[in-house]
$ cat data_18.csv   # CSV, C-alpha atoms (C1' of nucleotides)
chain,number,residue,atom,x,y,z
A,1,MET,CA,4.5,-43.2,-51.7
A,2,ALA,CA,2.5,-40.2,-53.0
A,3,SER,CA,4.5,-40.5,-56.2
A,4,LEU,CA,3.4,-44.1,-56.6
A,5,ALA,CA,-0.2,-43.3,-55.8
A,6,LYS,CA,-0.2,-40.7,-58.5
A,7,ALA,CA,1.6,-42.9,-61.1
A,8,TYR,CA,-0.7,-45.9,-60.5
A,9,PRO,CA,-4.1,-44.7,-59.2
A,10,ASN,CA,-5.7,-47.8,-60.5
A,11,ALA,CA,-3.2,-50.4,-59.3
A,12,HIS,CA,-4.8,-53.7,-58.5
A,13,CYS,CA,-4.3,-57.5,-58.5
A,14,GLU,CA,-4.0,-58.4,-62.2
A,15,LEU,CA,-4.9,-62.1,-61.7
A,16,ASN,CA,-8.4,-62.9,-62.9
A,17,TYR,CA,-10.7,-64.4,-60.3
A,18,SER,CA,-14.3,-64.3,-59.1
A,19,ASN,CA,-14.1,-65.9,-55.6
A,20,PRO,CA,-11.5,-66.7,-52.9
A,21,LEU,CA,-10.9,-70.2,-54.3
A,22,GLU,CA,-10.1,-68.9,-57.7
A,23,LEU,CA,-7.7,-66.3,-56.3
A,24,LEU,CA,-6.0,-69.0,-54.2
A,25,VAL,CA,-5.5,-71.2,-57.3
A,26,ALA,CA,-4.4,-68.4,-59.5
A,27,THR,CA,-1.8,-67.2,-57.0
A,28,ILE,CA,-0.4,-70.7,-56.5
A,29,LEU,CA,0.0,-70.9,-60.3
A,30,SER,CA,1.6,-67.5,-60.4
A,31,ALA,CA,4.9,-68.6,-58.8
A,32,ARG,CA,7.7,-67.7,-61.2
A,33,CYS,CA,5.2,-67.1,-64.0
A,34,THR,CA,3.7,-64.0,-65.6
A,35,ASP,CA,0.1,-63.2,-64.5
A,36,GLN,CA,-0.8,-62.9,-68.2
A,37,ARG,CA,0.0,-66.6,-68.7
A,38,VAL,CA,-1.8,-67.6,-65.5
A,39,ASN,CA,-4.9,-65.8,-66.7
A,40,LEU,CA,-4.7,-67.7,-70.0
A,41,VAL,CA,-4.6,-71.0,-68.1
A,42,THR,CA,-7.3,-70.1,-65.6
A,43,ALA,CA,-9.7,-69.0,-68.2
A,44,LYS,CA,-10.2,-72.7,-69.1
A,45,LEU,CA,-9.3,-74.1,-65.7
A,46,PHE,CA,-12.1,-72.3,-63.8
A,47,LYS,CA,-14.7,-73.6,-66.1
A,48,LYS,CA,-13.7,-77.1,-65.4
A,49,TYR,CA,-12.9,-76.8,-61.6
A,50,ARG,CA,-15.6,-75.0,-59.7
A,51,SER,CA,-15.1,-76.3,-56.2
A,52,ALA,CA,-12.4,-77.5,-53.8
A,53,ALA,CA,-13.8,-81.0,-54.3
A,54,ASP,CA,-13.1,-80.8,-58.0
A,55,TYR,CA,-9.4,-80.3,-57.3
A,56,ALA,CA,-9.5,-83.0,-54.6
A,57,ARG,CA,-10.8,-85.7,-56.8
A,58,VAL,CA,-9.0,-85.1,-60.2
A,59,PRO,CA,-6.3,-87.6,-61.1
A,60,LEU,CA,-2.9,-85.8,-60.7
A,61,PRO,CA,-1.7,-86.4,-64.3
A,62,GLU,CA,-4.9,-84.8,-65.6
A,63,LEU,CA,-4.5,-81.7,-63.4
A,64,GLU,CA,-0.8,-81.5,-64.4
A,65,GLN,CA,-1.7,-81.2,-68.1
A,66,ASP,CA,-4.4,-78.6,-67.3
A,67,ILE,CA,-1.8,-76.3,-65.8
A,68,ARG,CA,1.4,-77.4,-67.6
A,69,THR,CA,2.3,-74.1,-69.3
A,70,THR,CA,2.6,-72.2,-66.0
A,71,GLY,CA,5.8,-74.1,-65.2
A,72,PHE,CA,6.6,-76.1,-62.1
A,73,TYR,CA,3.5,-78.0,-63.1
A,74,ARG,CA,4.1,-81.1,-61.1
A,75,ASN,CA,4.7,-79.2,-57.8
A,76,LYS,CA,1.8,-76.9,-58.5
A,77,ALA,CA,-0.6,-79.8,-59.4
A,78,ARG,CA,0.3,-81.5,-56.1
A,79,SER,CA,-0.3,-78.3,-54.2
A,80,LEU,CA,-3.7,-77.6,-55.8
A,81,LYS,CA,-4.9,-81.2,-55.2
A,82,GLY,CA,-3.6,-81.1,-51.6
A,83,CYS,CA,-5.3,-77.7,-51.1
A,84,GLY,CA,-8.6,-79.1,-52.4
A,85,GLN,CA,-8.4,-82.1,-50.1
A,86,ALA,CA,-7.5,-79.9,-47.1
A,87,LEU,CA,-10.3,-77.5,-47.8
A,88,VAL,CA,-12.9,-80.3,-48.1
A,89,GLU,CA,-11.6,-82.1,-45.0
A,90,ARG,CA,-10.8,-79.3,-42.6
A,91,HIS,CA,-12.6,-76.1,-43.9
A,92,ASP,CA,-16.0,-77.2,-45.2
A,93,GLY,CA,-14.8,-76.6,-48.7
A,94,GLN,CA,-14.2,-72.9,-48.1
A,95,VAL,CA,-11.0,-70.9,-48.3
A,96,PRO,CA,-9.9,-69.9,-44.7
A,97,ASN,CA,-9.3,-66.2,-44.0
A,98,THR,CA,-6.4,-66.4,-41.5
A,99,MET,CA,-2.6,-66.5,-42.1
A,100,GLU,CA,-2.3,-69.5,-39.8
A,101,ALA,CA,-4.8,-71.7,-41.7
A,102,LEU,CA,-3.7,-70.5,-45.2
A,103,THR,CA,0.0,-71.2,-44.7
A,104,GLN,CA,-0.8,-74.7,-43.6
A,105,LEU,CA,-2.2,-75.5,-47.1
A,106,ASP,CA,0.2,-77.2,-49.6
A,107,GLY,CA,2.2,-74.7,-51.6
A,108,VAL,CA,0.9,-71.6,-49.7
A,109,GLY,CA,3.5,-69.4,-48.0
A,110,ARG,CA,3.2,-65.9,-46.7
A,111,LYS,CA,3.3,-64.3,-50.1
A,112,THR,CA,0.4,-66.3,-51.4
A,113,ALA,CA,-1.5,-66.0,-48.1
A,114,ASN,CA,-1.1,-62.2,-48.1
A,115,VAL,CA,-2.5,-62.0,-51.7
A,116,VAL,CA,-5.6,-64.0,-50.7
A,117,LEU,CA,-6.1,-62.1,-47.4
A,118,GLY,CA,-5.6,-58.7,-49.0
A,119,ASN,CA,-7.6,-59.1,-52.2
A,120,ALA,CA,-10.2,-61.8,-51.6
A,121,PHE,CA,-11.0,-60.9,-48.0
A,122,HIS,CA,-9.8,-57.2,-48.0
A,123,LEU,CA,-7.7,-57.8,-44.8
A,124,ASN,CA,-4.5,-55.9,-44.5
A,125,TYR,CA,-2.7,-58.7,-42.7
A,126,GLY,CA,0.7,-58.0,-44.3
A,127,VAL,CA,2.6,-56.8,-47.3
A,128,VAL,CA,2.9,-59.0,-50.4
A,129,VAL,CA,6.6,-59.6,-51.0
A,130,ASP,CA,7.1,-61.1,-54.4
A,131,THR,CA,10.0,-60.9,-56.8
A,132,HIS,CA,9.0,-57.3,-57.8
A,133,VAL,CA,8.5,-56.0,-54.2
A,134,ALA,CA,11.8,-57.6,-53.1
A,135,ARG,CA,13.7,-56.0,-56.0
A,136,LEU,CA,12.2,-52.6,-55.6
A,137,ALA,CA,12.6,-52.5,-51.9
A,138,GLN,CA,16.3,-53.1,-52.5
A,139,ARG,CA,16.7,-50.6,-55.3
A,140,LEU,CA,14.8,-47.8,-53.5
A,141,GLY,CA,16.8,-48.4,-50.4
A,142,LEU,CA,13.8,-49.2,-48.2
A,143,THR,CA,15.7,-52.1,-46.6
A,144,GLN,CA,18.9,-54.0,-46.9
A,145,GLU,CA,17.3,-57.3,-45.9
A,146,LYS,CA,17.2,-60.1,-48.5
A,147,ASP,CA,14.9,-62.6,-46.7
A,148,PRO,CA,11.3,-62.0,-47.9
A,149,GLU,CA,9.9,-62.1,-44.3
A,150,LYS,CA,12.4,-59.5,-43.1
A,151,ILE,CA,11.6,-57.3,-46.1
A,152,GLU,CA,8.0,-57.6,-45.2
A,153,GLN,CA,8.6,-56.5,-41.6
A,154,ALA,CA,10.6,-53.5,-42.8
A,155,LEU,CA,7.9,-52.4,-45.3
A,156,MET,CA,5.1,-52.9,-42.7
A,157,ALA,CA,7.0,-50.5,-40.4
A,158,LEU,CA,7.3,-47.9,-43.2
A,159,VAL,CA,3.7,-48.0,-44.4
A,160,PRO,CA,0.3,-47.5,-42.6
A,161,GLN,CA,-1.5,-50.8,-42.1
A,162,THR,CA,-4.5,-49.6,-44.1
A,163,GLN,CA,-2.3,-49.3,-47.2
A,164,TRP,CA,-0.4,-52.5,-47.0
A,165,THR,CA,-2.2,-54.3,-49.8
A,166,GLN,CA,-2.4,-51.2,-52.0
A,167,PHE,CA,1.3,-50.5,-51.4
A,168,SER,CA,2.1,-54.0,-52.6
A,169,HIS,CA,0.2,-53.3,-55.8
A,170,TRP,CA,2.0,-50.0,-56.4
A,171,LEU,CA,5.4,-51.6,-56.2
A,172,ILE,CA,4.3,-54.6,-58.3
A,173,TRP,CA,2.9,-52.3,-61.0
A,174,HIS,CA,6.0,-50.2,-61.0
A,175,GLY,CA,8.2,-53.3,-61.1
A,176,ARG,CA,6.4,-54.6,-64.2
A,177,ARG,CA,6.0,-51.4,-66.1
A,178,ARG,CA,9.1,-49.2,-65.2
A,179,CYS,CA,11.6,-50.7,-62.8
A,180,THR,CA,12.0,-54.1,-64.5
A,181,ALA,CA,14.6,-56.6,-63.4
A,182,ARG,CA,16.8,-56.5,-66.5
A,183,LYS,CA,16.3,-53.1,-68.0
A,184,PRO,CA,14.8,-50.5,-65.7
A,185,ASP,CA,13.5,-47.4,-67.5
A,186,CYS,CA,15.2,-44.8,-65.3
A,187,ARG,CA,14.6,-42.0,-67.8
A,188,GLY,CA,10.9,-41.9,-67.4
A,189,CYS,CA,10.8,-43.1,-63.8
A,190,GLU,CA,8.3,-41.4,-61.5
A,191,LEU,CA,10.5,-42.1,-58.6
A,192,ARG,CA,13.7,-40.6,-59.9
A,193,ALA,CA,13.8,-37.9,-57.3
A,194,LEU,CA,13.9,-40.4,-54.4
A,195,CYS,CA,15.8,-43.3,-55.9
A,196,PRO,CA,19.3,-43.7,-54.5
A,197,ARG,CA,20.4,-45.6,-57.7
A,198,ILE,CA,20.1,-42.5,-59.9
A,199,GLY,CA,23.5,-41.2,-60.7
A,200,VAL,CA,25.2,-43.9,-58.7
A,201,THR,CA,24.9,-47.5,-60.0
A,202,THR,CA,22.5,-46.6,-62.8
A,203,PRO,CA,23.3,-43.8,-65.2
A,204,ILE,CA,20.7,-41.7,-67.0
B,1,DA,C1',21.5,-74.0,-51.0
B,2,DT,C1',18.9,-76.5,-54.3
B,3,DC,C1',15.1,-78.1,-56.9
B,4,DC,C1',11.0,-77.6,-59.6
B,5,DC,C1',9.7,-76.0,-65.0
B,6,DG,C1',7.4,-73.6,-69.3
B,7,DA,C1',7.5,-69.5,-72.0
B,8,DG,C1',9.0,-65.1,-73.6
B,9,DG,C1',12.5,-61.2,-74.0
B,10,DG,C1',17.1,-59.6,-75.1
C,1,DC,C1',22.5,-68.6,-75.2
C,2,DC,C1',21.1,-66.4,-70.4
C,3,DC,C1',17.7,-64.1,-67.5
C,4,DT,C1',13.1,-63.4,-65.6
C,5,DC,C1',8.3,-64.2,-64.4
C,6,DT,C1',3.3,-61.8,-58.2
C,7,DG,C1',7.5,-68.9,-54.7
C,8,DG,C1',7.5,-72.7,-51.8
C,9,DA,C1',9.3,-77.1,-50.0
C,10,DT,C1',13.2,-79.9,-48.9

$ encode --input "data_18.csv" --output "structure tokens"
Amino acid sequence: MASLAKAYPNAHCELNYSNPLELLVATILSARCTDQRVNLVTAKLFKKYRSAADYARVPLPELEQDIRTTGFYRNKARSLKGCGQALVERHDGQVPNTMEALTQLDGVGRKTANVVLGNAFHLNYGVVVDTHVARLAQRLGLTQEKDPEKIEQALMALVPQTQWTQFSHWLIWHGRRRCTARKPDCRGCELRALCPRIGVTTPI
DNA sequence: ATCCCGAGGG
DNA sequence: CCCTCTGGAT
């Protein structure tokens, strides 16, 4: 973990947002999509949609077109509109700050909820297990589990609670920059010394 | 287990 | 062409 801290001292959430609602929306859009593309879409989106009520009242086809290039746009549009309606009806238009309330929102699972709790509310409720964290936890031999929730349990047991959110960012940054899915750069990897794959399944 | 879905890299 | 990108619902 010290190696990661040294390699990525400035690791942080790379989605652009200025309030909890914007982070919730950006994170829902980020499913199977690069954060760079999400930021491209939200740059326009957040000027048009400024409150939960704006998502609640927009016609679905219009919202679909506004987010189309993030992929899965029909599902995501339904989720965003459903979230907007739920926030207006049950949460006074505000984004809730508990796992229970967040995961009841349309299209919000533990991963998305942990992103919102950890970054918008600065609560270390859990570890964000996305595609990068899951892949790196496997490669680094931190767990053999494949189910995201079990991976999260394993990582929470390994890392002090005060670092859960930061630890997620370290793995995500490392996964994007070095330990990529298709072609990991093992030569320049900061974690060579402690990676079980070096010299085994991955040469050089 | 399968579906949703566009965009970019190799 | 195939795989991957800060997943979640059925």

$ residues_near_point --input "data_18.csv" --point "(2.7, -81.7, -61.4)" --cutoff "9 Å" --atoms "only C-alpha atoms (C1' of nucleotides)" --output "ChimeraX atom specification"
/A:60-61,63-65,67-68,72-79

$ atom_distance --input "data_18.csv" --atom1 "CA of Thr112 (chain A)" --atom2 "CA of Thr27 (chain A)"
6.1 Å

$ closest_atom_pairs --input "data_18.csv" --of "chain B" --to "chain C" --cutoff "10 Å" --atoms "only C-alpha atoms (C1' of nucleotides)" --output "Markdown table"
| residue | atom | partner | partner_atom | distance |
| --- | --- | --- | --- | --- |
| B:DT2 | C1' | C:DT10 | C1' | 8.6 |
| B:DC3 | C1' | C:DT10 | C1' | 8.4 |
| B:DC4 | C1' | C:DA9 | C1' | 9.8 |
| B:DA7 | C1' | C:DC5 | C1' | 9.3 |
| B:DG8 | C1' | C:DT4 | C1' | 9.1 |
| B:DG9 | C1' | C:DT4 | C1' | 8.7 |
| B:DG10 | C1' | C:DC3 | C1' | 8.9 |

$ atom_distance --input "data_18.csv" --atom1 "CA of Glu14 (chain A)" --atom2 "CA of Arg32 (chain A)"
15.0 Å

$ residues_around --input "data_18.csv" --residues "Gln94 (chain A)" --least-positions-apart "4" --cutoff "8 Å" --atoms "all atoms listed in the file" --output "list in words"
Leu21, Ala52, Leu87 and Val88 of chain A

$ atom_distance --input "data_18.csv" --atom1 "CA of Gly188 (chain A)" --atom2 "CA of Leu140 (chain A)"
15.6 Å

$ closest_atom_pairs --input "data_18.csv" --of "chain A" --to "chain C" --cutoff "10 Å" --atoms "only C-alpha atoms (C1' of nucleotides)" --output "CSV"
residue,atom,partner,partner_atom,distance
A:Cys13,CA,C:DT6,C1',8.7
A:Glu14,CA,C:DT6,C1',9.0
A:Leu15,CA,C:DT6,C1',8.9
A:Thr27,CA,C:DT6,C1',7.5
A:Ile28,CA,C:DG7,C1',8.3
A:Leu29,CA,C:DG7,C1',9.6
A:Ser30,CA,C:DT6,C1',6.3
A:Ala31,CA,C:DG7,C1',4.9
A:Arg32,CA,C:DC5,C1',4.8
A:Cys33,CA,C:DC5,C1',4.3
A:Thr34,CA,C:DC5,C1',4.8
A:Asp35,CA,C:DT6,C1',7.2
A:Gln36,CA,C:DC5,C1',9.9
A:Arg37,CA,C:DC5,C1',9.7
A:Thr70,CA,C:DC5,C1',10.0
A:Asn75,CA,C:DG8,C1',9.3
A:Lys76,CA,C:DG8,C1',9.7
A:Ser79,CA,C:DG8,C1',9.9
A:Asp106,CA,C:DG8,C1',8.9
A:Gly107,CA,C:DG8,C1',5.7
A:Val108,CA,C:DG8,C1',7.0
A:Gly109,CA,C:DG8,C1',6.4
A:Arg110,CA,C:DG8,C1',9.5
A:Lys111,CA,C:DG7,C1',7.7
A:Thr112,CA,C:DG7,C1',8.2
A:Val115,CA,C:DT6,C1',8.7
A:Val128,CA,C:DT6,C1',8.3
A:Val129,CA,C:DT6,C1',8.2
A:Asp130,CA,C:DT6,C1',5.4
A:Thr131,CA,C:DT6,C1',6.9
A:His132,CA,C:DT6,C1',7.3
A:Val133,CA,C:DT6,C1',8.8
A:Ser168,CA,C:DT6,C1',9.7
A:His169,CA,C:DT6,C1',9.4
A:Ile172,CA,C:DT6,C1',7.3
A:Trp173,CA,C:DT6,C1',9.9
A:Arg176,CA,C:DC5,C1',9.8
A:Thr180,CA,C:DT4,C1',9.4
A:Ala181,CA,C:DT4,C1',7.3
A:Arg182,CA,C:DC3,C1',7.7

$ closest_residue --input "data_18.csv" --among "A:Arg90, A:Lys81, A:Arg50, A:His174" --to "Tyr8 (chain A)" --atoms "all atoms listed in the file"
A:His174

$ residues_near_point --input "data_18.csv" --point "(5.0, -75.7, -70.6)" --cutoff "6 Å" --atoms "all atoms listed in the file" --output "list of chain:residue names"
A:Arg68, A:Thr69, A:Gly71, B:DG6

$ write_last_selection --input "data_18.csv" --atoms "C-alpha atoms (C1' of nucleotides)" --output "compact mmCIF listing (two decimals), in the frame of the given file"
# COMPACT_ATOMS: atom_id res chain seq x y z
CA ARG A 68 1.40 -77.40 -67.60
CA THR A 69 2.30 -74.10 -69.30
CA GLY A 71 5.80 -74.10 -65.20
C1' DG B 6 7.40 -73.60 -69.30

$ closest_residue --input "data_18.csv" --among "A:Val38, A:Pro59, A:Thr103, A:Arg178" --to "chain B" --atoms "all atoms listed in the file"
A:Val38
